[in-house]
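Q: This one is work.cif, mmCIF, C-alpha atoms.
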data_final
loop_
_atom_site.label_atom_id
_atom_site.label_comp_id
_atom_site.auth_asym_id
_atom_site.auth_seq_id
_atom_site.Cartn_x
_atom_site.Cartn_y
_atom_site.Cartn_z
CA MET G 1 -0.94 4.65 20.19
CA ASP G 2 -2.47 2.74 23.11
CA TYR G 3 -2.41 -0.40 20.95
CA LEU G 4 1.21 -0.21 19.76
CA CYS G 5 3.30 1.94 22.10
CA PRO G 6 3.18 -0.54 25.04
CA CYS G 7 4.69 -3.15 22.68
CA GLY G 8 7.72 -1.02 21.87
CA VAL G 9 6.49 0.39 18.56
CA THR G 10 7.05 4.11 18.07
CA VAL G 11 3.98 5.94 16.72
CA VAL G 12 4.15 9.43 15.22
CA VAL G 13 1.04 11.15 13.84
CA ARG G 14 1.54 14.01 11.37
CA ASP G 15 -1.11 16.56 10.34
CA ARG G 16 -1.83 18.30 7.05
CA HIS G 17 0.74 21.04 7.74
CA TRP G 18 3.52 18.45 7.92
CA ILE G 19 2.12 16.72 4.82
CA ARG G 20 2.26 20.02 2.94
CA LYS G 21 5.84 20.70 4.08
CA GLN G 22 6.78 17.26 2.80
CA ARG G 23 5.30 18.23 -0.59
CA MET G 24 2.99 15.23 -0.61
CA PHE G 25 0.58 17.11 -2.82
CA ALA G 26 -0.98 14.07 -4.51
CA TYR G 27 -2.01 12.71 -1.10
CA LEU G 28 -3.02 16.09 0.28
CA ASN G 29 -5.15 17.11 -2.70
CA ILE G 30 -7.05 13.85 -3.00
CA ALA G 31 -7.96 14.16 0.71
CA GLN G 32 -9.20 17.76 0.57
CA GLY G 33 -12.74 16.86 -0.55
CA SER G 34 -13.50 15.81 3.03
CA CYS G 35 -13.97 18.04 6.08
CA GLU G 36 -12.05 15.39 8.03
CA PRO G 37 -8.32 16.20 7.89
CA PRO G 38 -5.78 13.65 6.66
CA TYR G 39 -3.17 12.21 9.01
CA PHE G 40 0.08 10.55 8.03
CA VAL G 41 0.98 7.93 10.63
CA GLU G 42 4.53 6.60 10.88
CA LEU G 43 5.27 3.45 12.87
CA ALA G 44 8.75 2.22 13.74
CA TYR G 45 10.07 -0.96 15.33
CA CYS G 46 13.83 -1.28 15.79
CA GLY G 47 14.74 -4.82 16.76
CA GLY G 48 17.85 -5.14 14.63
CA SER G 49 21.15 -3.34 14.39
CA PRO G 50 21.01 0.38 13.57
CA ASP G 51 22.95 -0.47 10.41
CA ASP G 52 20.37 -3.01 9.19
CA LYS G 53 18.20 -1.80 6.34
CA PRO G 54 14.51 -1.76 7.33
CA VAL G 55 11.50 -3.31 5.69
CA VAL G 56 8.93 -0.62 4.88
CA LEU G 57 5.22 -1.49 4.99
CA ALA G 58 2.86 1.03 3.37
CA GLY G 59 -0.89 0.56 3.73
CA LYS G 60 -3.84 2.27 2.10
CA GLY G 61 -5.78 4.06 4.82
CA THR G 62 -8.92 5.48 3.20
CA THR G 63 -11.30 5.37 6.16
CA PHE G 64 -14.30 6.02 3.91
CA ASP G 65 -14.26 5.99 0.13
CA SER G 66 -17.29 7.52 -1.54
CA GLY G 67 -15.46 7.68 -4.85
CA GLY G 68 -15.07 11.44 -4.62
CA ILE G 69 -16.74 13.34 -7.46
CA CYS G 70 -16.96 10.03 -9.35
CA LEU G 71 -19.38 8.67 -6.75
CA LYS G 72 -19.77 4.96 -6.25
CA GLU G 73 -23.25 3.45 -6.45
CA CYS G 74 -25.20 3.77 -3.21
CA GLU G 75 -25.73 0.02 -2.96
CA GLY G 76 -22.57 -1.42 -1.46
CA MET G 77 -20.96 1.94 -0.67
CA ALA G 78 -21.12 1.25 3.07
CA GLU G 79 -18.56 -1.53 2.78
CA PHE G 80 -15.98 1.03 1.67
CA ARG G 81 -15.60 2.03 5.29
CA GLY G 82 -13.29 -0.96 5.12
CA ASN G 83 -11.05 0.66 2.52
CA CYS G 84 -8.43 1.12 5.23
CA ALA G 85 -7.86 -2.64 5.56
CA GLY G 86 -4.29 -2.31 4.28
CA ALA G 87 -3.40 0.17 7.01
CA ALA G 88 -5.23 -1.88 9.64
CA THR G 89 -3.33 -5.01 8.64
CA ILE G 90 -0.01 -3.22 9.00
CA ILE G 91 -0.94 -2.14 12.53
CA GLY G 92 -1.60 -5.77 13.43
CA VAL G 93 1.62 -6.92 11.79
CA MET G 94 3.67 -4.29 13.63
CA LYS G 95 2.22 -5.46 16.94
CA ALA G 96 3.04 -9.09 16.10
CA ILE G 97 6.61 -8.17 15.16
CA ALA G 98 7.08 -6.34 18.45
CA GLN G 99 5.55 -9.14 20.52
CA TYR G 100 7.82 -11.71 18.87
CA LYS G 101 10.77 -9.36 19.45
CA LEU G 102 12.11 -10.08 15.97
CA PRO G 103 15.68 -8.92 15.26
CA ILE G 104 14.66 -6.74 12.31
CA ASN G 105 13.87 -3.09 11.65
CA VAL G 106 10.43 -2.28 10.26
CA ILE G 107 8.78 1.01 9.29
CA GLY G 108 5.03 1.34 8.77
CA LEU G 109 3.58 4.20 6.72
CA LEU G 110 -0.17 4.87 6.86
CA PRO G 111 -1.62 7.78 4.83
CA LEU G 112 -5.06 8.14 6.45
CA MET G 113 -7.87 10.12 4.82
CA GLU G 114 -11.41 10.16 3.48
CA ASN G 115 -12.29 10.38 -0.23
CA MET G 116 -15.34 12.65 -0.37
CA PRO G 117 -17.05 14.88 -3.00
CA GLY G 118 -16.71 18.20 -1.13
CA GLY G 119 -16.27 21.60 -2.73
CA LEU G 120 -12.48 21.25 -2.79
CA ALA G 121 -12.51 17.71 -4.16
CA VAL G 122 -10.17 16.77 -6.99
CA LYS G 123 -11.91 16.84 -10.38
CA PRO G 124 -11.37 14.51 -13.34
CA GLY G 125 -8.64 16.02 -15.48
CA ASP G 126 -6.79 17.71 -12.60
CA ILE G 127 -2.99 17.48 -12.60
CA LEU G 128 -1.36 16.74 -9.24
CA LEU G 129 2.29 16.97 -8.25
CA ALA G 130 3.74 14.02 -6.36
CA LYS G 131 6.48 14.30 -3.74
CA ASN G 132 9.13 13.31 -6.31
CA GLU G 133 7.92 16.09 -8.68
CA LYS G 134 6.20 13.68 -11.08
CA THR G 135 2.97 15.01 -12.55
CA ILE G 136 -0.13 12.83 -12.24
CA ARG G 137 -3.28 13.26 -14.30
CA VAL G 138 -6.34 12.28 -12.28
CA GLU G 139 -8.87 10.79 -14.67
CA ASN G 140 -10.84 9.06 -11.93
CA PRO G 141 -10.83 10.42 -8.34
CA ASP G 142 -12.10 7.01 -7.22
CA ASN G 143 -8.57 5.71 -7.84
CA GLU G 144 -7.40 7.66 -4.81
CA GLY G 145 -5.46 4.97 -2.99
CA ARG G 146 -2.61 4.84 -5.46
CA LEU G 147 -2.17 8.62 -5.21
CA ALA G 148 -1.74 8.58 -1.42
CA LEU G 149 0.51 5.52 -1.54
CA ALA G 150 2.66 7.08 -4.27
CA ASP G 151 3.71 9.88 -1.94
CA ALA G 152 4.22 7.39 0.90
CA LEU G 153 6.51 5.30 -1.32
CA VAL G 154 8.60 8.32 -2.27
CA TYR G 155 8.83 9.23 1.43
CA ALA G 156 9.99 5.65 2.16
CA GLU G 157 13.12 6.15 0.08
CA GLN G 158 14.80 8.14 2.87
CA PHE G 159 14.92 4.98 5.03
CA LYS G 160 17.01 3.14 2.40
CA PRO G 161 14.86 0.00 2.79
CA CYS G 162 15.83 -3.47 1.68
CA MET G 163 12.19 -4.17 0.81
CA VAL G 164 8.95 -2.22 0.36
CA VAL G 165 5.54 -3.87 0.78
CA THR G 166 2.25 -2.17 -0.09
CA LEU G 167 -1.10 -3.53 1.08
CA ALA G 168 -4.27 -2.02 -0.29
CA ASN G 169 -7.85 -2.55 -1.33
CA LEU G 170 -6.58 -0.94 -4.49
CA THR G 171 -8.99 -2.05 -7.22
CA LEU G 172 -12.28 -3.82 -7.75
CA GLY G 173 -10.60 -5.34 -10.80
CA ILE G 174 -8.84 -7.98 -8.72
CA ARG G 175 -12.14 -9.02 -7.15
CA LYS G 176 -13.70 -9.35 -10.60
CA ALA G 177 -10.73 -11.44 -11.73
CA VAL G 178 -10.37 -13.90 -8.83
CA GLY G 179 -13.26 -13.14 -6.48
CA SER G 180 -12.56 -13.59 -2.79
CA ALA G 181 -10.54 -16.78 -3.27
CA CYS G 182 -7.12 -15.15 -3.18
CA SER G 183 -5.21 -11.88 -3.15
CA GLY G 184 -3.42 -10.52 -6.18
CA THR G 185 0.34 -10.44 -5.62
CA TYR G 186 2.79 -8.34 -7.63
CA THR G 187 6.56 -8.46 -7.45
CA PRO G 188 9.41 -8.50 -9.97
CA SER G 189 11.33 -10.87 -7.66
CA ASP G 190 10.88 -14.63 -7.94
CA PHE G 191 12.47 -14.97 -4.52
CA VAL G 192 9.97 -12.64 -2.84
CA TRP G 193 7.11 -14.38 -4.63
CA GLY G 194 8.33 -17.75 -3.37
CA GLU G 195 8.32 -16.51 0.22
CA ILE G 196 4.83 -14.99 0.18
CA LYS G 197 3.50 -18.08 -1.61
CA LYS G 198 5.00 -20.27 1.12
CA ALA G 199 3.37 -18.11 3.80
CA GLY G 200 0.01 -18.44 2.07
CA THR G 201 0.42 -22.20 1.77
CA ASP G 202 1.30 -22.54 5.45
CA THR G 203 -1.73 -20.54 6.60
CA GLY G 204 -4.25 -21.70 3.99
CA ASP G 205 -4.69 -18.14 2.68
CA ARG G 206 -4.26 -18.16 -1.07
CA VAL G 207 -2.16 -15.69 -3.04
CA TRP G 208 -1.83 -15.57 -6.80
CA ARG G 209 0.97 -13.94 -8.73
CA MET G 210 -0.18 -11.33 -11.23
CA PRO G 211 1.90 -9.76 -14.02
CA LEU G 212 3.92 -6.63 -13.41
CA TRP G 213 4.96 -6.22 -17.03
CA GLN G 214 6.35 -3.07 -18.62
CA HIS G 215 3.19 -3.12 -20.77
CA TYR G 216 1.19 -1.75 -17.84
CA ASN G 217 3.68 0.99 -17.06
CA TYR G 218 3.54 1.95 -20.75
CA ARG G 219 -0.25 2.28 -20.56
CA ASN G 220 0.08 4.43 -17.42
CA THR G 221 2.56 6.81 -19.04
CA LEU G 222 1.12 7.07 -22.55
CA TYR G 223 -0.65 10.41 -21.99
CA PRO G 224 1.12 13.52 -23.34
CA GLY G 225 1.99 16.40 -21.03
CA VAL G 226 2.11 14.39 -17.78
CA ASP G 227 4.41 11.77 -16.31
CA ILE G 228 1.74 9.26 -15.29
CA HIS G 229 -2.03 8.71 -15.32
CA ASN G 230 -4.14 7.30 -12.49
CA VAL G 231 -6.32 5.11 -14.73
CA GLY G 232 -4.05 4.16 -17.60
CA TYR G 233 -4.61 4.22 -21.34
CA HIS G 234 -8.06 2.73 -22.03
CA GLY G 235 -8.00 1.51 -18.44
CA HIS G 236 -11.76 1.09 -18.22
CA SER G 237 -12.40 -0.42 -21.64
CA ARG G 238 -9.35 -2.67 -21.98
CA GLY G 239 -9.26 -3.94 -18.41
CA GLY G 240 -6.22 -4.80 -16.34
CA ASP G 241 -7.11 -2.31 -13.60
CA SER G 242 -5.34 -4.18 -10.81
CA CYS G 243 -2.20 -4.62 -12.92
CA LEU G 244 -2.26 -0.94 -13.87
CA GLY G 245 -2.60 0.03 -10.20
CA ALA G 246 0.35 -2.14 -9.20
CA ALA G 247 2.46 -0.71 -12.03
CA PHE G 248 1.54 2.81 -10.87
CA LEU G 249 2.84 2.08 -7.36
CA TYR G 250 5.96 0.36 -8.68
CA ALA G 251 6.82 3.53 -10.60
CA PHE G 252 7.13 5.39 -7.27
CA ALA G 253 8.88 2.68 -5.24
CA PRO G 254 12.56 3.00 -4.25
CA GLU G 255 14.59 1.44 -7.04
CA SER G 256 17.15 -0.12 -4.71
CA ALA G 257 14.57 -2.11 -2.70
CA ASP G 258 12.64 -5.29 -3.44
CA PHE G 259 8.99 -4.51 -4.19
CA LEU G 260 5.86 -6.43 -3.20
CA HIS G 261 2.29 -5.25 -3.70
CA LEU G 262 -0.78 -7.09 -2.39
CA ASP G 263 -4.16 -6.11 -3.83
CA ILE G 264 -6.48 -7.39 -1.09
CA THR G 265 -9.83 -6.01 -2.27
CA GLY G 266 -11.39 -9.44 -2.69
CA THR G 267 -10.12 -10.87 0.57
CA ALA G 268 -10.00 -7.98 3.03
CA LEU G 269 -12.59 -5.34 2.16
CA ILE G 270 -15.10 -7.27 4.25
CA THR G 271 -13.64 -8.23 7.64
CA SER G 272 -12.03 -11.66 7.56
CA GLY G 273 -8.53 -11.26 9.00
CA PHE G 274 -7.23 -12.81 5.78
CA TYR G 275 -3.90 -11.16 5.31
CA LEU G 276 -3.07 -10.67 8.96
CA SER G 277 -2.76 -14.45 9.33
CA VAL G 278 -0.49 -14.74 6.28
CA LEU G 279 1.94 -12.08 7.45
CA GLN G 280 1.85 -13.20 11.08
CA LYS G 281 2.72 -16.73 9.94
CA ARG G 282 5.62 -15.44 7.87
CA ILE G 283 6.77 -13.29 10.79
CA HIS G 284 6.57 -16.21 13.25
CA ASP G 285 8.59 -18.39 10.88
CA TRP G 286 11.22 -15.69 10.62
CA LYS G 287 11.73 -16.17 14.35
CA THR G 288 11.52 -19.96 14.58
CA ASP G 289 12.60 -21.38 11.22
CA THR G 290 16.32 -21.71 10.45
CA TYR G 291 15.65 -21.52 6.75
CA CYS G 292 13.78 -18.23 7.14
CA ASN G 293 16.53 -16.83 9.34
CA THR G 294 18.85 -17.53 6.41
CA ILE G 295 16.42 -15.65 4.18
CA LEU G 296 16.56 -12.65 6.50
CA LYS G 297 20.36 -12.68 6.33
CA THR G 298 20.17 -12.87 2.54
CA ASN G 299 17.97 -9.78 2.53
CA GLY G 300 20.34 -7.93 4.84
CA ILE G 301 17.93 -7.59 7.78
CA THR G 302 19.72 -9.73 10.35
#
Translate the structure of the given file into structure tokens.

A:
Amino acid sequence: MDYLCPCGVTVVVRDRHWIRKQRMFAYLNIAQGSCEPPYFVELAYCGGSPDDKPVVLAGKGTTFDSGGICLKECEGMAEFRGNCAGAATIIGVMKAIAQYKLPINVIGLLPLMENMPGGLAVKPGDILLAKNEKTIRVENPDNEGRLALADALVYAEQFKPCMVVTLANLTLGIRKAVGSACSGTYTPSDFVWGEIKKAGTDTGDRVWRMPLWQHYNYRNTLYPGVDIHNVGYHGHSRGGDSCLGAAFLYAFAPESADFLHLDITGTALITSGFYLSVLQKRIHDWKTDTYCNTILKTNGIT
């Protein structure tokens, strides 16, 4: 609050009782293995007209990820204190937007939690109920980020956004695929891809478009008796973990909004400031570049 409120960003912190009333059971249940309570943080910047549709930014905020019951290996586990890099990036972006006084409306959603193997931890095979009443089979509690973000994306629908962006250290699969050279980028929109690619080119931070094919949604929904699965059919043996994770999030995103997902595990798990510079560059250009102002008008946010 001390970081954002002086800039004109509204910060509201909600506790587990509010989360339960919102029926965010996927998020709430995956967080209950820790003695540290979850908090859902909502940020708001209103620089545009009240009638302008907002951009919603949702960031993974797992402040420590042990893997839950499916514990990660001890070696390297300490770096998963950085599993909240998506949420941290959004905080920085919101501050930049406010300081530039951009004529747009932006909402930030940060589901904060720990993923721990406590006595109430989610077990492999558990069925969770998402905010939109979809049933989710949890095969691997270590895939917790997509569960929390799923409820955040359903919550985002009430804002009637023109665009939804998710940032997350979602999978180690993207780091295995491309290392730390770039961030995996998923969007069904060629226009949105062109804009984020331009931002990466301008800042020197690489992004690479990854497939968001129906094939991955099919693998996520192939299990009988549930709507969706948090690993995907043969997810471990057939690969494609990052693509499956992106398809999982896309299944919960508002249908009327453009969708962009950035899997930043390779570039942001260890502190580098990678994606903050990309988004700040894009934000600055929105203020100073005539072409980008035209883009904002095209997207209905000016």

Q: Counting all atoms listed in the file, what is within 12 Å of Gly194 (chain G), bar same-chain residues fewer than 3 positions away, as a list in words?

A: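 Counting all atoms listed in the file, the residues come to Thr185, Tyr186, Thr187, Pro188, Ser189, Asp190, Phe191, Lys197, Lys198, Ala199, Gly200, Thr201, Val207, Trp208, Arg209, Leu260, Arg282, Cys292 and Ile295 of chain G.
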
Q: I'd like a table as a Markdown table: residues in region 178-271 of chain G with an atom no more than 10 Å from region 54-75 of chain G, each row giving the shortest atom pair and its distance in Å to one decimal, only C-alpha atoms counted, sorted by chain and rising residue number.

A:
| residue | atom | partner | partner_atom | distance |
| --- | --- | --- | --- | --- |
| G:Ala257 | CA | G:Val55 | CA | 9.0 |
| G:Asp258 | CA | G:Val55 | CA | 9.4 |
| G:Phe259 | CA | G:Val56 | CA | 9.9 |
| G:Leu260 | CA | G:Leu57 | CA | 9.6 |
| G:His261 | CA | G:Ala58 | CA | 9.5 |
| G:Leu262 | CA | G:Gly59 | CA | 9.8 |

Q: Which one of G:Asp142, G:Gly266, G:Ile196, G:Arg137 sits closest to Thr221 (chain G) if you count all atoms listed in the file?

A: G:Arg137

Q: Give as number ranges by chain the residues that the PyMOL selection byres ((chain G and resi 121-123) around 9) matches when applied to the coordinates above.

A: G: 29-34, 68-70, 115-120, 124-126, 138-141

Q: Do you know which residues the PyMOL selection byres ((chain G and resi 104) around 9) returns on this file, as a PyMOL selection string?

A: chain G and resi 45-49+52-55+97+101-103+105-106+296+301-302

Q: Got time to write the residues from that selection, C-alpha atoms, as a PDB file, in the coordinates of the input?

A:
ATOM      1  CA  TYR G  45      10.070  -0.960  15.330  1.00  0.00           C
ATOM      2  CA  CYS G  46      13.830  -1.280  15.790  1.00  0.00           C
ATOM      3  CA  GLY G  47      14.740  -4.820  16.760  1.00  0.00           C
ATOM      4  CA  GLY G  48      17.850  -5.140  14.630  1.00  0.00           C
ATOM      5  CA  SER G  49      21.150  -3.340  14.390  1.00  0.00           C
ATOM      6  CA  ASP G  52      20.370  -3.010   9.190  1.00  0.00           C
ATOM      7  CA  LYS G  53      18.200  -1.800   6.340  1.00  0.00           C
ATOM      8  CA  PRO G  54      14.510  -1.760   7.330  1.00  0.00           C
ATOM      9  CA  VAL G  55      11.500  -3.310   5.690  1.00  0.00           C
ATOM     10  CA  ILE G  97       6.610  -8.170  15.160  1.00  0.00           C
ATOM     11  CA  LYS G 101      10.770  -9.360  19.450  1.00  0.00           C
ATOM     12  CA  LEU G 102      12.110 -10.080  15.970  1.00  0.00           C
ATOM     13  CA  PRO G 103      15.680  -8.920  15.260  1.00  0.00           C
ATOM     14  CA  ASN G 105      13.870  -3.090  11.650  1.00  0.00           C
ATOM     15  CA  VAL G 106      10.430  -2.280  10.260  1.00  0.00           C
ATOM     16  CA  LEU G 296      16.560 -12.650   6.500  1.00  0.00           C
ATOM     17  CA  ILE G 301      17.930  -7.590   7.780  1.00  0.00           C
ATOM     18  CA  THR G 302      19.720  -9.730  10.350  1.00  0.00           C
TER      19      THR G 302
END

Q: Suppose you want the space between CA of Met24 (chain G) and CA of Leu172 (chain G); what is it in Å?

A: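 Here the two named atoms are 25.4 Å from each other.
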
Q: Pick from G:Gly145, G:Asn169, G:Gln99, G:Gly108: nearest to Gly8 (chain G), with only C-alpha atoms counted?

A: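 Of the candidates, the smallest distance to Gly8 (chain G) is held by G:Gln99.
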
Q: Could you spell out the hits of the PyMOL selection byres ((chain G and resi 155) around 12) on the shown file, as a ChimeraX atom specification?

A: /G:19,22-24,27,40,42,56-58,107-111,130-132,148-154,156-161,164,252-254

Q: Using all atoms listed in the file, find the one residue out of G:Glu114, G:Ile90, G:Cys84, G:Pro6 that sits nearest to Leu28 (chain G).

A: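 Residue with the minimum atom-to-atom distance to Leu28 (chain G): G:Glu114.
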
Q: Give me, please, the distance in Å between CA of Ala251 (chain G) and CA of Val13 (chain G), quoted to one decimal.

A: 26.2 Å

Q: Measure the distance from CA of Cys182 (chain G) to CA of Leu167 (chain G) in Å and round it to one decimal.

A: 13.8 Å

Q: Kindly provide the residues of region 42-131 of chain G that approach region 225-228 of chain G to within 10 Å, each paired with its closest atom pair and their distance in Å to one decimal, based on all atoms listed in the file, listed by chain and increasing number, as JSON lines.

A:
{"residue": "G:Ile127", "atom": "CA", "partner": "G:Val226", "partner_atom": "CA", "distance": 7.9}
{"residue": "G:Leu128", "atom": "CA", "partner": "G:Val226", "partner_atom": "CA", "distance": 9.5}
{"residue": "G:Leu129", "atom": "CA", "partner": "G:Asp227", "partner_atom": "CA", "distance": 9.8}

Q: Using the selection just defined, write its residues with C-alpha atoms as a JSON list (two decimals), keeping the file's coordinate frame.

A:
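Saved the output as again_14.json:
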[["chain", "number", "residue", "atom", "x", "y", "z"],
["G", 127, "ILE", "CA", -2.99, 17.48, -12.60],
["G", 128, "LEU", "CA", -1.36, 16.74, -9.24],
["G", 129, "LEU", "CA", 2.29, 16.97, -8.25]]

Q: For a quick check of understanding, using all atoms listed in the file, which of G:Ala168, G:Met163, G:Ala26, G:Ala87 has the smallest distance to Thr135 (chain G)?

A: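 Smallest separation from Thr135 (chain G) among the options: G:Ala26.
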
Q: Let me make sure I understand: among G:Thr203, G:Asn230, G:Ser242, G:Thr89, which one has the smallest atom-to-atom distance to Arg175 (chain G) if we use all atoms listed in the file?

A: G:Ser242

Q: Which is closest to Trp18 (chain G) among G:Ala85, G:Ile264, G:Val41, G:Leu244, if we use all atoms listed in the file?

A: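 Under the stated criterion, the closest residue is G:Val41.
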